[in-house]
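Asker: The structure follows.
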Amino acid sequence: MVEKFEEPIYVTRPLLPSIPKMMAKIEEIWASKWLTNDGEQQRHLERELKEYLNVDHLSLFANGTLALLLGLKSLELTGEVITTPFTFPATIQALEWNGLTPVFCDIDATTLTIDATKIEALINEKTTAILAVHVFGNPCDVKKIQEIADDHQLKVIYDGAHAFGTQLAGKSIGRFGDMTMYSFHATKLFNTIEGGALTFKNPLHVDKLYALKNFGLEKSGDVVHSGLNAKMNEVQAAMGREVLPLMEQEKARREKIAEIYKKRLTDIAGIKIVTHLEKQCSSYQYFVIEIDAGIFGESRDWVHEQLKHYNIFTRKYFEPLCSEFEWYKLLASSQRQHLPQAHKTVSEVLALPFYGELDLASVEKICDIVKQLRNDVTGLEKQQLGVVK
Ligand SMILES: *Cc1c(COP(=O)(O)O)cnc(C)c1O
C-alpha cells in the first residue's frame with residue numbers, strides 16, 4: 001500500500017526567477033520611470049524571443065487571449081472559421097469577440113489536433129480561415145492545412161499556447177501559417193505572469209498589431225482601427241527576460257520526469273501516453289495520458305478522484321468541449337455525431353503533475369500510486385469473479 005503525499009502535488013507550478021535577479025530588473029524599471037508603452041524591457045524581450053523562437057516578426061501582448069483576439073482582427077476575417085472543439089475556451093472566445101462563427105471539426109486520434117482530413121468538407125462560401133491548436137505542444141498537420149488554405153484562399157492562425165519552443169523538422173512552429181499565438185500565462189512553460197505574443201509572416205502587421213494593441217492609434221496619431229488596450233507592461237517583460245534563461249534547464253528536468261512516466265506507465269493496461277510525434281522537439285508543456293475505461297477497469301474520472309485521496313491533483317483537458325458551450329451547442333457542427341473523436345478524447349485524457357521542481361522520487365511514487373489503483377481495480381474484478389475469496 002503506497003502512502004499518500006504529505007503535501008499536495010499540483011499539476012504544475014510556475015517557473016520563477018530568483019528574487020535578487022528579479023529585483024535588479026525592477027530597480028532598472030524604477031530608475032527609468034517607464035512602466036509601459038514600448039519600454040526598454042519590452043523591446044529587449046521582443047528581440048530575445050524572436051531569437052529564441054527563431055521567427056522574423058513578433059509582437060508582445062498583455063495575455064495570450066488578447067493576442068489571438070487582435071491577431072484575428074488584424075487579418076480582417078468575416079463569416080466562419082474552421083476550428084477545433086478540443087481547446088481552451090479562449091481560442092473560441094477570440095473568434096466570438098471578432099463576430100466570427102466557429103465551425104467545429106473533429107480531432108485526430110494521435111495528435112489530438114484538428115483532423116486535417118475533415119476540414120475540406122466544412123468549407124463553404126462564408127469560410128475565411130482555419131484556427132488550429134497545437135494541443136499539448138503536438139504540432140498540427142501544418143502541411144496539409146496550408147495546402148487546403150491555399151486551395152481555398154483561407155488564412156491560417158495557430159493557437160500555439162502549448163507550443164513554446166516546439167519545432168517541426170527543425171523549423172520553429174511559429175513560422176507556419178499566417179500567425180501563431182503564444183501564451184505566457186503563469187501556468188505555461190515560459191511565463192511573464194500574464195502575457196502573450198503573436199509571431200507572423202506579413203511585415204505590414206508589425207505596425208498594424210502595434211496600433212491594435214494601443215487603442216488603434218497609428219504612429220501619425222490617427223485612429224484607423226478599432227483597437228484595444230492589450231500592451232505588455234515593463235514588469236511583465238522583465239519577468240520574461242529573467243525566466244527565458246531558465247528554459248533549457250527546465251526542459252531538461254521535465255524531460256527526465258517524462259522519461260520516468262513513460263517507462264513506468266506504458267506497461268499499465270488501459271493507459272496510453274499521448275504521443276509526441278517524431279522529428280519534433282516537444283514543448284514539454286504537459287504530460288498527458290489517456291485512460292481507456294474498458295481496459296483499465298475504471299474511468300478517467302475515477303482515477304482523477306482517487307488520486308486526490310493521495311494528495312495528487314491532476315487535470316482533465318478540455319472539459320467541456322467548446323462545442324458543448326450553451327451558446328454553441330445548437331450549431332450544426334457542434335452535433336456529437338460529427339465529433340466522435342473529440343468526445344472520446346475529452347473523456348479519457350488526464351494531465352499528470354509536470355514541472356521541473358517535481359523531484360524524481362515523487363514521480364516514481366505517482367507511478368506507484370497509479371499502478372496501485374489499477375491493482376485495486378483488478379483485485380476487485382477477481383473478487384467479483386470469485387477468483388479471490
Ligand atoms: C492558456 C491558453 C490560452 C489563453 O492564454 P492566456 O495567456 O491565459 O490568455 C489560449 N489557448 C490555449 C490552448 C491555452 O492553453
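By order of appearance in the C-alpha cells: chains A, B, ..., then residues from 1 within every chain, and ligands from 1 in the order shown.
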Could you give me, as a tab-separated table, a per-residue list for chain A showing, wherever an atom lies at most 10 Å from an atom of ligand 1, the closest pair of atoms and their distance in Å to one decimal, using only C-alpha atoms and all ligand atoms and sorting by chain then residue number from low to high?
Answerer:
residue	atom	partner	partner_atom_place_in_ligand_line	distance
A:Phe61	CA	ligand 1	7 (O)	8.9
A:Ala62	CA	ligand 1	7 (O)	7.9
A:Asn63	CA	ligand 1	7 (O)	4.1
A:Gly64	CA	ligand 1	7 (O)	3.4
A:Thr65	CA	ligand 1	9 (O)	3.7
A:Leu66	CA	ligand 1	9 (O)	6.6
A:Ala67	CA	ligand 1	9 (O)	7.9
A:Leu68	CA	ligand 1	10 (C)	8.0
A:Leu69	CA	ligand 1	9 (O)	9.8
A:Phe86	CA	ligand 1	13 (C)	8.8
A:Thr87	CA	ligand 1	13 (C)	5.3
A:Phe88	CA	ligand 1	13 (C)	4.8
A:Pro89	CA	ligand 1	11 (N)	7.1
A:Ala90	CA	ligand 1	10 (C)	4.9
A:Thr91	CA	ligand 1	11 (N)	5.1
A:Ile92	CA	ligand 1	11 (N)	8.7
A:Gln93	CA	ligand 1	10 (C)	9.4
A:Ala94	CA	ligand 1	10 (C)	9.0
A:Ala132	CA	ligand 1	13 (C)	9.6
A:Val133	CA	ligand 1	13 (C)	6.5
A:His134	CA	ligand 1	13 (C)	7.6
A:Val135	CA	ligand 1	13 (C)	6.6
A:Phe136	CA	ligand 1	13 (C)	8.1
A:Gly137	CA	ligand 1	13 (C)	9.4
A:Tyr158	CA	ligand 1	11 (N)	9.7
A:Asp159	CA	ligand 1	11 (N)	6.0
A:Gly160	CA	ligand 1	13 (C)	6.9
A:Ala161	CA	ligand 1	14 (C)	4.8
A:His162	CA	ligand 1	15 (O)	5.8
A:Ala163	CA	ligand 1	13 (C)	9.2
A:Met181	CA	ligand 1	10 (C)	8.2
A:Tyr182	CA	ligand 1	7 (O)	7.4
A:Ser183	CA	ligand 1	7 (O)	4.0
A:Phe184	CA	ligand 1	7 (O)	5.4
A:His185	CA	ligand 1	7 (O)	4.6
A:Ala186	CA	ligand 1	8 (O)	8.1
A:Thr187	CA	ligand 1	1 (C)	7.6
A:Lys188	CA	ligand 1	1 (C)	6.9
A:Asn191	CA	ligand 1	7 (O)	9.0
A:Thr192	CA	ligand 1	7 (O)	9.4
A:Ile193	CA	ligand 1	7 (O)	9.0
A:Glu194	CA	ligand 1	7 (O)	6.0
A:Gly195	CA	ligand 1	7 (O)	5.4
A:Gly196	CA	ligand 1	7 (O)	5.4
A:Ala197	CA	ligand 1	7 (O)	8.7
A:Gln285	CA	ligand 1	15 (O)	9.6
A:Tyr317	CA	ligand 1	15 (O)	9.6
A:Phe318	CA	ligand 1	13 (C)	9.1
Asker: Would you please extract all strand (DSSP E or B) residues from range 148-386 of chain A, as assigned by DSSP on the backbone, and give them as JSON, numbers by chain?
Answerer: {"A": [155, 156, 157, 158, 159, 167, 168, 171, 172, 179, 180, 181, 182, 183, 196, 197, 198, 199, 200, 214, 217, 223, 229, 271, 272, 273, 280, 281, 287, 288, 289, 290, 291, 312, 315, 349, 350, 351, 352]}
Asker: Considering only C-alpha atoms, can you say which of A:Glu381, A:Glu290, A:Glu324, A:Asp207 comes closest to Leu265 in chain A?
Answerer: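 Under the stated criterion, the closest residue is A:Glu290.
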Asker: Write out as a PDB file with N, CA, C and O atoms, in the first residue's frame the residues lying within 8 Å of range 50-53 of chain A, counting only C-alpha atoms and excluding same-chain residues fewer than 3 positions away.
Answerer:
ATOM      1  N   GLU A  46      11.209  41.340 -26.780  1.00  0.00           N
ATOM      2  CA  GLU A  46      10.769  41.053 -28.137  1.00  0.00           C
ATOM      3  C   GLU A  46      11.951  40.516 -28.964  1.00  0.00           C
ATOM      4  O   GLU A  46      11.823  39.498 -29.649  1.00  0.00           O
ATOM      5  N   ARG A  47      13.095  41.156 -28.827  1.00  0.00           N
ATOM      6  CA  ARG A  47      14.291  40.705 -29.558  1.00  0.00           C
ATOM      7  C   ARG A  47      14.732  39.325 -29.089  1.00  0.00           C
ATOM      8  O   ARG A  47      15.043  38.452 -29.895  1.00  0.00           O
ATOM      9  N   ASP A  56      10.777  35.829 -37.597  1.00  0.00           N
ATOM     10  CA  ASP A  56      11.130  37.164 -38.094  1.00  0.00           C
ATOM     11  C   ASP A  56      10.349  38.270 -37.398  1.00  0.00           C
ATOM     12  O   ASP A  56      10.872  39.349 -37.163  1.00  0.00           O
ATOM     13  N   HIS A  57       9.080  38.007 -37.124  1.00  0.00           N
ATOM     14  CA  HIS A  57       8.228  39.053 -36.554  1.00  0.00           C
ATOM     15  C   HIS A  57       7.512  38.552 -35.324  1.00  0.00           C
ATOM     16  O   HIS A  57       6.940  37.453 -35.345  1.00  0.00           O
ATOM     17  N   LEU A  58       7.536  39.390 -34.287  1.00  0.00           N
ATOM     18  CA  LEU A  58       6.887  39.002 -33.032  1.00  0.00           C
ATOM     19  C   LEU A  58       6.385  40.255 -32.324  1.00  0.00           C
ATOM     20  O   LEU A  58       7.069  41.274 -32.298  1.00  0.00           O
ATOM     21  N   PHE A 164       5.423  26.518 -26.917  1.00  0.00           N
ATOM     22  CA  PHE A 164       6.599  27.379 -26.802  1.00  0.00           C
ATOM     23  C   PHE A 164       7.860  26.549 -27.013  1.00  0.00           C
ATOM     24  O   PHE A 164       8.118  25.612 -26.260  1.00  0.00           O
ATOM     25  N   GLY A 165       8.601  26.876 -28.054  1.00  0.00           N
ATOM     26  CA  GLY A 165       9.841  26.145 -28.322  1.00  0.00           C
ATOM     27  C   GLY A 165       9.661  24.880 -29.140  1.00  0.00           C
ATOM     28  O   GLY A 165      10.634  24.215 -29.468  1.00  0.00           O
ATOM     29  N   SER A 172      10.919  26.333 -36.502  1.00  0.00           N
ATOM     30  CA  SER A 172      10.094  26.820 -35.390  1.00  0.00           C
ATOM     31  C   SER A 172       8.615  26.718 -35.737  1.00  0.00           C
ATOM     32  O   SER A 172       8.194  27.088 -36.835  1.00  0.00           O
ATOM     33  N   GLY A 174       6.359  28.531 -34.818  1.00  0.00           N
ATOM     34  CA  GLY A 174       5.826  29.880 -35.026  1.00  0.00           C
ATOM     35  C   GLY A 174       5.982  30.398 -36.446  1.00  0.00           C
ATOM     36  O   GLY A 174       5.583  31.518 -36.759  1.00  0.00           O
TER      37      GLY A 174
END
Asker: Any idea what's packed within 8 Å of range 369-373 of chain A, counting only C-alpha atoms, ignoring anything in its chain fewer than 3 positions away? Could you give it as a list in words?
Answerer: Met1, Val2, Leu265, Ile268, Val303, Gln306, Leu307, Tyr310, Lys365, Ile366, Asp376 and Val377 of chain A
Asker: Just to be explicit: take each residue in the selection above, keep all heavy atoms, and write the result as a tab-separated table (two decimals), in the first residue's frame.
Answerer:
chain	number	residue	atom	x	y	z
A	1	MET	N	0.85	-1.20	0.00
A	1	MET	CA	0.00	0.00	0.00
A	1	MET	C	0.88	1.25	0.00
A	1	MET	O	1.71	1.42	0.89
A	1	MET	CB	-0.88	-0.05	1.26
A	1	MET	CG	-1.95	1.01	1.32
A	1	MET	SD	-3.14	0.85	-0.03
A	1	MET	CE	-3.87	2.47	0.03
A	2	VAL	N	0.73	2.08	-1.01
A	2	VAL	CA	1.53	3.31	-1.08
A	2	VAL	C	0.84	4.41	-0.28
A	2	VAL	O	-0.37	4.61	-0.39
A	2	VAL	CB	1.71	3.77	-2.55
A	2	VAL	CG1	2.78	4.83	-2.64
A	2	VAL	CG2	2.03	2.59	-3.45
A	265	LEU	N	4.62	3.92	-16.86
A	265	LEU	CA	3.17	3.88	-17.09
A	265	LEU	C	2.77	3.10	-18.34
A	265	LEU	O	1.62	2.63	-18.42
A	265	LEU	CB	2.59	5.29	-17.17
A	265	LEU	CG	2.74	6.14	-15.90
A	265	LEU	CD1	2.17	7.54	-16.12
A	265	LEU	CD2	2.06	5.49	-14.70
A	268	ILE	N	1.09	-0.33	-17.87
A	268	ILE	CA	-0.17	-0.48	-17.16
A	268	ILE	C	-1.32	-0.58	-18.17
A	268	ILE	O	-1.50	0.31	-19.01
A	268	ILE	CB	-0.40	0.70	-16.17
A	268	ILE	CG1	0.78	0.76	-15.18
A	268	ILE	CG2	-1.73	0.54	-15.44
A	268	ILE	CD1	0.71	1.90	-14.20
A	303	VAL	N	-10.10	7.75	-11.75
A	303	VAL	CA	-8.67	7.88	-11.45
A	303	VAL	C	-8.37	9.29	-10.91
A	303	VAL	O	-7.69	9.46	-9.90
A	303	VAL	CB	-7.79	7.58	-12.70
A	303	VAL	CG1	-6.31	7.83	-12.42
A	303	VAL	CG2	-8.01	6.14	-13.17
A	306	GLN	N	-9.65	9.42	-7.37
A	306	GLN	CA	-8.85	8.58	-6.47
A	306	GLN	C	-7.51	9.24	-6.14
A	306	GLN	O	-7.05	9.20	-5.01
A	306	GLN	CB	-8.61	7.20	-7.09
A	306	GLN	CG	-9.84	6.33	-7.20
A	306	GLN	CD	-10.46	6.02	-5.85
A	306	GLN	OE1	-9.76	5.63	-4.92
A	306	GLN	NE2	-11.75	6.22	-5.73
A	307	LEU	N	-6.90	9.84	-7.17
A	307	LEU	CA	-5.58	10.45	-6.95
A	307	LEU	C	-5.65	11.59	-5.94
A	307	LEU	O	-4.69	11.83	-5.21
A	307	LEU	CB	-5.00	10.95	-8.29
A	307	LEU	CG	-4.52	9.83	-9.23
A	307	LEU	CD1	-4.12	10.41	-10.59
A	307	LEU	CD2	-3.35	9.04	-8.64
A	310	TYR	N	-4.77	10.69	-2.57
A	310	TYR	CA	-3.32	10.57	-2.34
A	310	TYR	C	-2.64	11.95	-2.37
A	310	TYR	O	-1.43	12.05	-2.42
A	310	TYR	CB	-2.69	9.68	-3.41
A	310	TYR	CG	-3.05	8.22	-3.29
A	310	TYR	CD1	-4.15	7.69	-3.96
A	310	TYR	CD2	-2.28	7.36	-2.50
A	310	TYR	CE1	-4.47	6.35	-3.85
A	310	TYR	CE2	-2.59	6.01	-2.39
A	310	TYR	CZ	-3.69	5.51	-3.07
A	310	TYR	OH	-4.00	4.18	-2.96
A	365	LYS	N	6.81	7.75	-7.21
A	365	LYS	CA	5.71	7.47	-6.29
A	365	LYS	C	4.34	7.66	-6.95
A	365	LYS	O	3.43	6.86	-6.73
A	365	LYS	CB	5.85	8.36	-5.03
A	365	LYS	CG	4.80	8.06	-3.98
A	365	LYS	CD	5.13	8.70	-2.66
A	365	LYS	CE	3.86	8.78	-1.80
A	365	LYS	NZ	4.11	9.16	-0.44
A	366	ILE	N	4.23	8.70	-7.78
A	366	ILE	CA	2.97	8.91	-8.51
A	366	ILE	C	2.69	7.68	-9.38
A	366	ILE	O	1.57	7.18	-9.43
A	366	ILE	CB	3.02	10.21	-9.36
A	366	ILE	CG1	3.10	11.43	-8.44
A	366	ILE	CG2	1.82	10.31	-10.30
A	366	ILE	CD1	3.47	12.74	-9.14
A	376	ASP	N	-5.90	-2.29	-7.55
A	376	ASP	CA	-7.16	-2.27	-6.79
A	376	ASP	C	-8.31	-2.69	-7.69
A	376	ASP	O	-9.16	-3.48	-7.29
A	376	ASP	CB	-7.46	-0.85	-6.25
A	376	ASP	CG	-6.46	-0.42	-5.18
A	376	ASP	OD1	-5.66	-1.27	-4.74
A	376	ASP	OD2	-6.48	0.78	-4.81
A	377	VAL	N	-8.32	-2.15	-8.91
A	377	VAL	CA	-9.40	-2.47	-9.84
A	377	VAL	C	-9.38	-3.95	-10.19
A	377	VAL	O	-10.41	-4.62	-10.14
A	377	VAL	CB	-9.29	-1.63	-11.15
A	377	VAL	CG1	-10.38	-2.01	-12.12
A	377	VAL	CG2	-9.35	-0.15	-10.83
Asker: When distances are computed from only C-alpha atoms, which of A:Ile114, A:Ile130, A:Ala230, A:Ala293 shows the smallest separation from Leu70 in chain A?
Answerer: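 Once distances to Leu70 in chain A are computed over only C-alpha atoms, the minimum belongs to A:Ala230.
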Asker: Pull the alpha helix (DSSP H) assignments for range 327-381 of chain A out of DSSP run on the backbone, and list those residues as a ChimeraX atom specification.
Answerer: /A:340-348,360-381
Asker: List the neighbours of Thr314 in chain A out to 6 Å using only C-alpha atoms; skip same-chain residues closer than 4 positions along the sequence, and give me the result as a list of chain:residue names.
Answerer: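 The filter keeps A:Val11, A:Ala351, A:Leu352.
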Asker: Within 8 Å of range 22-28 of chain A, which residues of range 209-290 of chain A come that close, and what is the closest atom pair and distance in Å for each? Count only C-alpha atoms and give it as CSV.
Answerer:
residue,atom,partner,partner_atom,distance
A:Val235,CA,A:Ile26,CA,6.9
A:Ala238,CA,A:Lys25,CA,6.2
A:Met239,CA,A:Met22,CA,6.8
A:Glu242,CA,A:Met22,CA,6.8
Asker: Do you have the CA of Val103 in chain A-CA of Thr275 in chain A distance handy?
Answerer: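 Result for CA of Val103 in chain A versus CA of Thr275 in chain A: 26.1 Å, one decimal.
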Asker: When you draw a straight line from CA of His44 in chain A to CA of Val243 in chain A, how long is it in Å?
Answerer: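 CA of His44 in chain A sits 13.3 Å away from CA of Val243 in chain A.
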